[in-house]
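> Below is the structure I would like to discuss, written out as structure tokens.
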Amino acid sequence: MLVLLGSTLYGTTSNGGANGYGTIYKINTDGTGYSEIYASRDTVGYTYTLVMSDSVLYGIAGINLNNIIYKINIDGSGFRTLHRFLNWQEGYYPTGPLLISGNVIYGLTVQWG
């Protein structure tokens, strides 16, 4: 999923990047200015969907049963795990898209215990 801020698109790849676990990137709408703003790693997992609120990106990442919801600034700084899905009662494999309403993030999982 891509999100747009001004003339810049932000997106994710689920593989590749410096660590092989995907990236968060930006690119101008005219195709110029591509840059990786975050390279995921094994402790975060593969990066997936994005949503933006107040110039902050929110997304899902995970590997196997280790899945998180995170936030990151559009310049790539301030990566922070907001929630780690720890047990079957919370569900496994969160999937997008995420929806933000006020200060609440909504999403769904595709599997539970």
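Residues in the structure tokens are named by chain (A, B, ... in the order shown) and by number from 1 within that chain; ligands are numbered from 1 in the order shown.
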Taking the DSSP assignment computed from this structure's backbone, write out as number ranges by chain all residues of chain A that belong to strand (DSSP E or B).
A: 3-5, 8-13, 16, 21, 23-28, 35-39, 46-53, 56-63, 66-73, 80-85, 92-101, 104-111
> Write to file, as a JSON list (two decimals), in the first residue's frame, the residues of the selection just made, with C-alpha atoms.

```json
[["chain", "number", "residue", "atom", "x", "y", "z"],
["A", 3, "VAL", "CA", 0.54, 6.67, 1.10],
["A", 4, "LEU", "CA", 0.90, 10.17, -0.30],
["A", 5, "LEU", "CA", 2.17, 13.32, 1.39],
["A", 8, "THR", "CA", 5.99, 12.10, -2.14],
["A", 9, "LEU", "CA", 4.80, 8.51, -2.02],
["A", 10, "TYR", "CA", 5.74, 6.24, 0.90],
["A", 11, "GLY", "CA", 5.59, 2.47, 0.67],
["A", 12, "THR", "CA", 7.01, -0.83, 1.83],
["A", 13, "THR", "CA", 8.66, -3.87, 0.33],
["A", 16, "GLY", "CA", 15.00, -7.06, 0.07],
["A", 21, "TYR", "CA", 13.54, -8.17, 5.52],
["A", 23, "THR", "CA", 12.16, -1.64, 3.50],
["A", 24, "ILE", "CA", 10.16, 1.48, 3.98],
["A", 25, "TYR", "CA", 10.90, 3.83, 1.11],
["A", 26, "LYS", "CA", 9.87, 7.12, -0.42],
["A", 27, "ILE", "CA", 9.73, 8.28, -4.03],
["A", 28, "ASN", "CA", 8.46, 11.43, -5.70],
["A", 35, "SER", "CA", 15.35, 6.46, -1.14],
["A", 36, "GLU", "CA", 15.10, 3.80, 1.51],
["A", 37, "ILE", "CA", 14.17, 5.40, 4.82],
["A", 38, "TYR", "CA", 14.25, 2.23, 6.92],
["A", 39, "ALA", "CA", 15.66, -1.27, 6.39],
["A", 46, "TYR", "CA", 9.14, -8.29, 7.06],
["A", 47, "THR", "CA", 7.50, -4.90, 6.52],
["A", 48, "TYR", "CA", 3.95, -4.73, 5.21],
["A", 49, "THR", "CA", 1.18, -2.15, 5.01],
["A", 50, "LEU", "CA", 1.44, 1.56, 5.85],
["A", 51, "VAL", "CA", -0.93, 4.30, 6.90],
["A", 52, "MET", "CA", -0.06, 7.92, 7.70],
["A", 53, "SER", "CA", -1.35, 10.32, 10.31],
["A", 56, "VAL", "CA", 3.97, 9.79, 10.95],
["A", 57, "LEU", "CA", 3.87, 6.38, 9.28],
["A", 58, "TYR", "CA", 2.25, 3.42, 11.03],
["A", 59, "GLY", "CA", 2.60, -0.14, 9.82],
["A", 60, "ILE", "CA", 2.77, -3.84, 10.42],
["A", 61, "ALA", "CA", 5.87, -6.00, 10.38],
["A", 62, "GLY", "CA", 6.51, -9.54, 11.38],
["A", 63, "ILE", "CA", 8.09, -12.90, 10.91],
["A", 66, "ASN", "CA", 6.52, -12.44, 16.00],
["A", 67, "ASN", "CA", 4.35, -9.59, 14.67],
["A", 68, "ILE", "CA", 4.23, -5.91, 15.57],
["A", 69, "ILE", "CA", 2.50, -2.64, 14.89],
["A", 70, "TYR", "CA", 5.05, 0.17, 14.62],
["A", 71, "LYS", "CA", 5.41, 3.85, 13.96],
["A", 72, "ILE", "CA", 8.20, 5.76, 12.25],
["A", 73, "ASN", "CA", 8.75, 9.36, 11.26],
["A", 80, "ARG", "CA", 9.12, 2.41, 17.70],
["A", 81, "THR", "CA", 7.15, -0.76, 18.35],
["A", 82, "LEU", "CA", 3.67, 0.16, 19.53],
["A", 83, "HIS", "CA", 2.37, -3.34, 20.07],
["A", 84, "ARG", "CA", 3.79, -6.84, 19.87],
["A", 85, "PHE", "CA", 1.28, -9.68, 19.38],
["A", 92, "TYR", "CA", -1.54, -13.94, 14.86],
["A", 93, "TYR", "CA", -0.53, -12.47, 11.54],
["A", 94, "PRO", "CA", -1.97, -8.95, 11.64],
["A", 95, "THR", "CA", -2.86, -7.81, 8.17],
["A", 96, "GLY", "CA", -3.69, -4.48, 6.59],
["A", 97, "PRO", "CA", -4.88, -2.09, 5.98],
["A", 98, "LEU", "CA", -4.68, -0.28, 9.27],
["A", 99, "LEU", "CA", -7.16, 2.48, 10.03],
["A", 100, "ILE", "CA", -6.47, 5.38, 12.37],
["A", 101, "SER", "CA", -9.30, 7.30, 13.99],
["A", 104, "VAL", "CA", -6.84, 4.61, 18.02],
["A", 105, "ILE", "CA", -5.40, 2.18, 15.45],
["A", 106, "TYR", "CA", -7.73, -0.47, 14.06],
["A", 107, "GLY", "CA", -6.70, -3.61, 12.21],
["A", 108, "LEU", "CA", -7.34, -7.30, 12.00],
["A", 109, "THR", "CA", -5.56, -10.60, 12.33],
["A", 110, "VAL", "CA", -6.05, -13.58, 10.05],
["A", 111, "GLN", "CA", -5.49, -16.34, 12.57]]
```
> For atom CA of Ser14 of chain A and atom CA of Ile74 of chain A, quote the distance in Å rounded to one decimal.
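Interatomic distance, atom CA of Ser14 of chain A to atom CA of Ile74 of chain A: 18.2 Å.
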